[in-house]
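Notes to accompany the following structure.
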Amino acid sequence: MTVTIEHRRSAELEELIDQDAAAFRILTGDRPTGQLHLGHYFGTLRNRVRLQDLGAEVFVLIADYQVLTDRDTAEHLDEHVTGLMLDYLAIGLDPARTVIFAHSAVPALNQLLLPFLSLVSVPELNRNPTVKDEITHSRQASVSGLMLTYPVHQAADILFCKANLVPVGQDQLPHLEIARLIARRFNERYGRPVFPVPDALLSAAPLLLGTDGTKMSKSRGNTIPLSATADETARLIRGAKTDSERSISYDPERRPAVSSLVLLAALCLGRDPHQVAEGIGDGGAAALKSVVTTAVNDLLAPVRARRAEYARDLGYVRQVLRDGNERANEIAAATLAEVQSALGMRY
């Protein structure tokens, strides 16, 4: 595989993180549209805890306003936000080291959207391939202004706290490039270095398929939620798609559904997927699903225990979010003051 510039830069950044993680301020987050699942855990959540534990300053955004980008209403929002908070705390995000905050609770962040919109053209927004894909899969009958300007909202999310590193998948690079563009143009147009130009930290997220053999997605109902019980997890894995071959192998191109289950077990066990497949051998789908179920439930047992403990004290959970909102507001207000000063709007 050709090593891209982004992958080379990410490798360099990982070395710098190992040397001095405290030099990095990281922005990441989730839209509260449903339950977080194992795809999220291995794709992003585990990495957030790693970066936090290495000493990076981590900001986790609950992007509640952005729920409206591809749907008409934000249903069950309070329930989903609470679920995110419980999952964040249960996996090991530490409020003393990681700022967790809600988009809607930080007005100064959203004020950045107006000057940022003046820095990008409509054709530049229309060309964004990620937005095009999101429009194609949108639940809305027509494209809203919020959907079209989604990357500019994300730029405000990233730049309000002057994040210099953003963990992303390959498909999110066009969004981050808009944030980089806005940072450069603002600094150049107004003659002062207000914003760092954030780097992408490309995720090495494994490709886990949903239980139906297609892309794992909350909207498709084919996930294994982190909040599922052990019995619910076993039921979901029993219903997962496999194939008719009895011998189990790890061959993602030829046997994607079986290979995804093998990979899930391997990730949970910290083993090579080929070795996991060899260990199951001719045991067939039943043996494979048994191995996966045990591996997932063993991995999630302590997470579930911590989640249940936090769920018994929702007052504390809400306070964590309020404290994070307060910290984010302090930072956003300071950044907005700098922006207004650069714009000549400090009356």
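Letters for chains follow the order of the structure tokens (A, B, ...), residue numbers begin at 1 for each chain, and ligand numbers begin at 1 in the order shown.
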I need the helix (DSSP H, G or I) residues of region 147-329 of chain A per DSSP on the backbone, written as a ChimeraX atom specification. /A:147-148,150-159,170-190,218-220,230-238,256-269,273-311,314-329
Within 10 Å of Phe59 (chain A) using only C-alpha atoms, minus same-chain residues under 5 positions, as a compact mmCIF listing (two decimals) with N, CA, C and O atoms, in the first residue's frame:
# COMPACT_ATOMS: atom_id res chain seq x y z
N ARG A 25 -3.07 19.63 22.28
CA ARG A 25 -4.46 19.83 22.70
C ARG A 25 -5.33 19.17 21.64
O ARG A 25 -5.27 19.54 20.46
N ILE A 26 -6.14 18.22 22.03
CA ILE A 26 -6.86 17.35 21.10
C ILE A 26 -8.35 17.58 21.21
O ILE A 26 -8.91 17.64 22.32
N LEU A 27 -9.00 17.71 20.06
CA LEU A 27 -10.46 17.84 20.03
C LEU A 27 -11.04 16.65 19.30
O LEU A 27 -10.63 16.31 18.18
N THR A 28 -12.01 16.01 19.93
CA THR A 28 -12.72 14.89 19.33
C THR A 28 -14.13 14.91 19.87
O THR A 28 -14.47 15.74 20.71
N GLY A 29 -15.00 14.03 19.40
CA GLY A 29 -16.36 14.06 19.93
C GLY A 29 -17.31 13.16 19.19
O GLY A 29 -16.93 12.42 18.27
N ARG A 48 -8.93 7.74 22.79
CA ARG A 48 -9.05 8.93 23.63
C ARG A 48 -8.46 8.68 25.02
O ARG A 48 -7.75 9.53 25.56
N GLN A 52 -5.26 10.59 26.65
CA GLN A 52 -5.41 11.21 27.97
C GLN A 52 -4.36 10.68 28.93
O GLN A 52 -3.70 11.46 29.64
N ARG A 97 -8.77 15.28 33.78
CA ARG A 97 -7.77 15.42 32.71
C ARG A 97 -8.39 15.63 31.33
O ARG A 97 -7.69 16.03 30.40
N THR A 98 -9.67 15.36 31.19
CA THR A 98 -10.37 15.50 29.91
C THR A 98 -11.59 16.37 30.09
O THR A 98 -12.38 16.16 31.03
N VAL A 99 -11.76 17.36 29.23
CA VAL A 99 -12.90 18.28 29.28
C VAL A 99 -14.01 17.71 28.39
O VAL A 99 -13.84 17.58 27.19
N ILE A 100 -15.13 17.37 29.00
CA ILE A 100 -16.30 16.88 28.27
C ILE A 100 -17.36 17.98 28.30
O ILE A 100 -17.72 18.45 29.38
N PHE A 101 -17.83 18.39 27.13
CA PHE A 101 -18.76 19.51 27.10
C PHE A 101 -19.76 19.35 25.96
O PHE A 101 -19.54 18.58 25.02
N ASP A 157 -15.67 24.11 16.26
CA ASP A 157 -15.45 23.15 17.36
C ASP A 157 -13.97 22.95 17.63
O ASP A 157 -13.53 22.87 18.78
N ILE A 158 -13.21 22.85 16.56
CA ILE A 158 -11.78 22.56 16.68
C ILE A 158 -10.99 23.79 17.12
O ILE A 158 -10.13 23.72 18.01
N CYS A 161 -10.97 26.04 20.90
CA CYS A 161 -10.06 25.69 22.00
C CYS A 161 -8.61 25.63 21.53
O CYS A 161 -7.72 25.22 22.27
N ALA A 163 -7.26 23.68 19.35
CA ALA A 163 -6.73 22.31 19.25
C ALA A 163 -5.69 22.26 18.13
O ALA A 163 -5.88 22.85 17.06
N GLY A 324 -17.45 20.62 32.69
CA GLY A 324 -16.82 20.68 31.37
C GLY A 324 -17.34 21.85 30.55
O GLY A 324 -16.57 22.53 29.87
N ALA A 328 -15.12 24.90 29.03
CA ALA A 328 -15.18 25.20 27.59
C ALA A 328 -15.63 26.64 27.37
O ALA A 328 -15.14 27.31 26.46
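The closest residue to Arg235 (chain A), picked from A:Val292, A:Ile248, A:Ala257, A:Ala74 and counting only C-alpha atoms, is A:Val292.
For the residues A:Leu300, A:Arg220, A:Thr33, A:Ala266, ranking by smallest atom-to-atom distance to Thr73 (chain A) using only C-alpha atoms places A:Thr33 first.
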May I have the residues within 7 Å of region 193-207 of chain A as a PyMOL selection string, using only C-alpha atoms and disregarding those fewer than 4 positions away in the same chain? chain A and resi 7+10+42-43+159+162-170+180+183-184+187
Create the file for the chosen residues now, containing N, CA, C and O atoms and written as a compact mmCIF listing (two decimals), in the first residue's frame.
# COMPACT_ATOMS: atom_id res chain seq x y z
N HIS A 7 -0.58 9.72 6.30
CA HIS A 7 -0.15 8.60 7.14
C HIS A 7 1.27 8.83 7.66
O HIS A 7 1.58 8.50 8.81
N SER A 10 1.05 11.35 10.39
CA SER A 10 0.47 10.75 11.60
C SER A 10 1.50 9.91 12.35
O SER A 10 1.54 9.91 13.58
N PHE A 42 -13.44 0.57 19.61
CA PHE A 42 -12.16 0.25 18.99
C PHE A 42 -11.74 1.32 17.99
O PHE A 42 -10.55 1.46 17.69
N GLY A 43 -12.70 2.09 17.47
CA GLY A 43 -12.38 3.11 16.49
C GLY A 43 -11.86 4.39 17.10
O GLY A 43 -10.90 4.99 16.58
N LEU A 159 -11.30 24.92 16.50
CA LEU A 159 -10.46 26.11 16.68
C LEU A 159 -10.81 26.92 17.92
O LEU A 159 -9.97 27.67 18.41
N LYS A 162 -8.40 26.04 20.26
CA LYS A 162 -7.05 26.05 19.67
C LYS A 162 -6.42 24.66 19.68
O LYS A 162 -5.23 24.49 20.00
N ALA A 163 -7.26 23.68 19.35
CA ALA A 163 -6.73 22.31 19.25
C ALA A 163 -5.69 22.26 18.13
O ALA A 163 -5.88 22.85 17.06
N ASN A 164 -4.62 21.54 18.38
CA ASN A 164 -3.59 21.39 17.35
C ASN A 164 -3.52 19.97 16.80
O ASN A 164 -2.69 19.66 15.96
N LEU A 165 -4.43 19.12 17.29
CA LEU A 165 -4.45 17.73 16.82
C LEU A 165 -5.88 17.21 16.87
O LEU A 165 -6.58 17.37 17.87
N VAL A 166 -6.30 16.58 15.76
CA VAL A 166 -7.67 16.05 15.67
C VAL A 166 -7.60 14.62 15.16
O VAL A 166 -7.24 14.38 14.00
N PRO A 167 -7.95 13.64 15.99
CA PRO A 167 -8.01 12.25 15.50
C PRO A 167 -9.17 12.09 14.54
O PRO A 167 -10.31 12.43 14.86
N VAL A 168 -8.89 11.59 13.34
CA VAL A 168 -9.94 11.43 12.33
C VAL A 168 -9.71 10.15 11.54
O VAL A 168 -8.60 9.61 11.50
N GLY A 169 -10.77 9.68 10.89
CA GLY A 169 -10.65 8.64 9.89
C GLY A 169 -10.35 9.28 8.55
O GLY A 169 -10.50 10.49 8.38
N GLN A 170 -9.94 8.46 7.58
CA GLN A 170 -9.59 8.97 6.26
C GLN A 170 -10.74 9.77 5.65
O GLN A 170 -10.52 10.79 4.99
N ARG A 180 -8.39 23.69 8.69
CA ARG A 180 -7.02 24.15 8.45
C ARG A 180 -7.02 25.39 7.55
O ARG A 180 -6.28 26.34 7.78
N ALA A 183 -8.25 28.44 9.55
CA ALA A 183 -7.20 28.92 10.47
C ALA A 183 -6.16 29.74 9.71
O ALA A 183 -5.77 30.84 10.15
N ARG A 184 -5.69 29.22 8.58
CA ARG A 184 -4.68 29.93 7.80
C ARG A 184 -5.22 31.26 7.27
O ARG A 184 -4.55 32.30 7.36
N ASN A 187 -5.68 33.94 10.07
CA ASN A 187 -4.39 34.48 10.50
C ASN A 187 -3.79 35.42 9.45
O ASN A 187 -3.23 36.47 9.80
Contacts of Ile178 (chain A) at 7 Å or less, counting only C-alpha atoms, minus same-chain residues fewer than 2 places along, as JSON, numbers by chain? {"A": [151, 152, 155, 174, 175, 176, 180, 181, 182]}
I need the strand (DSSP E or B) residues of region 2-202 of chain A per DSSP on the backbone, written as a PyMOL selection string. chain A and resi 25-30+37+57-62+98-102+165-168+199-202
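Among the candidates A:Glu338, A:Asp171, A:Asp94, A:Asp323, the one nearest to Asp53 (chain A) when counting only C-alpha atoms is A:Asp94.
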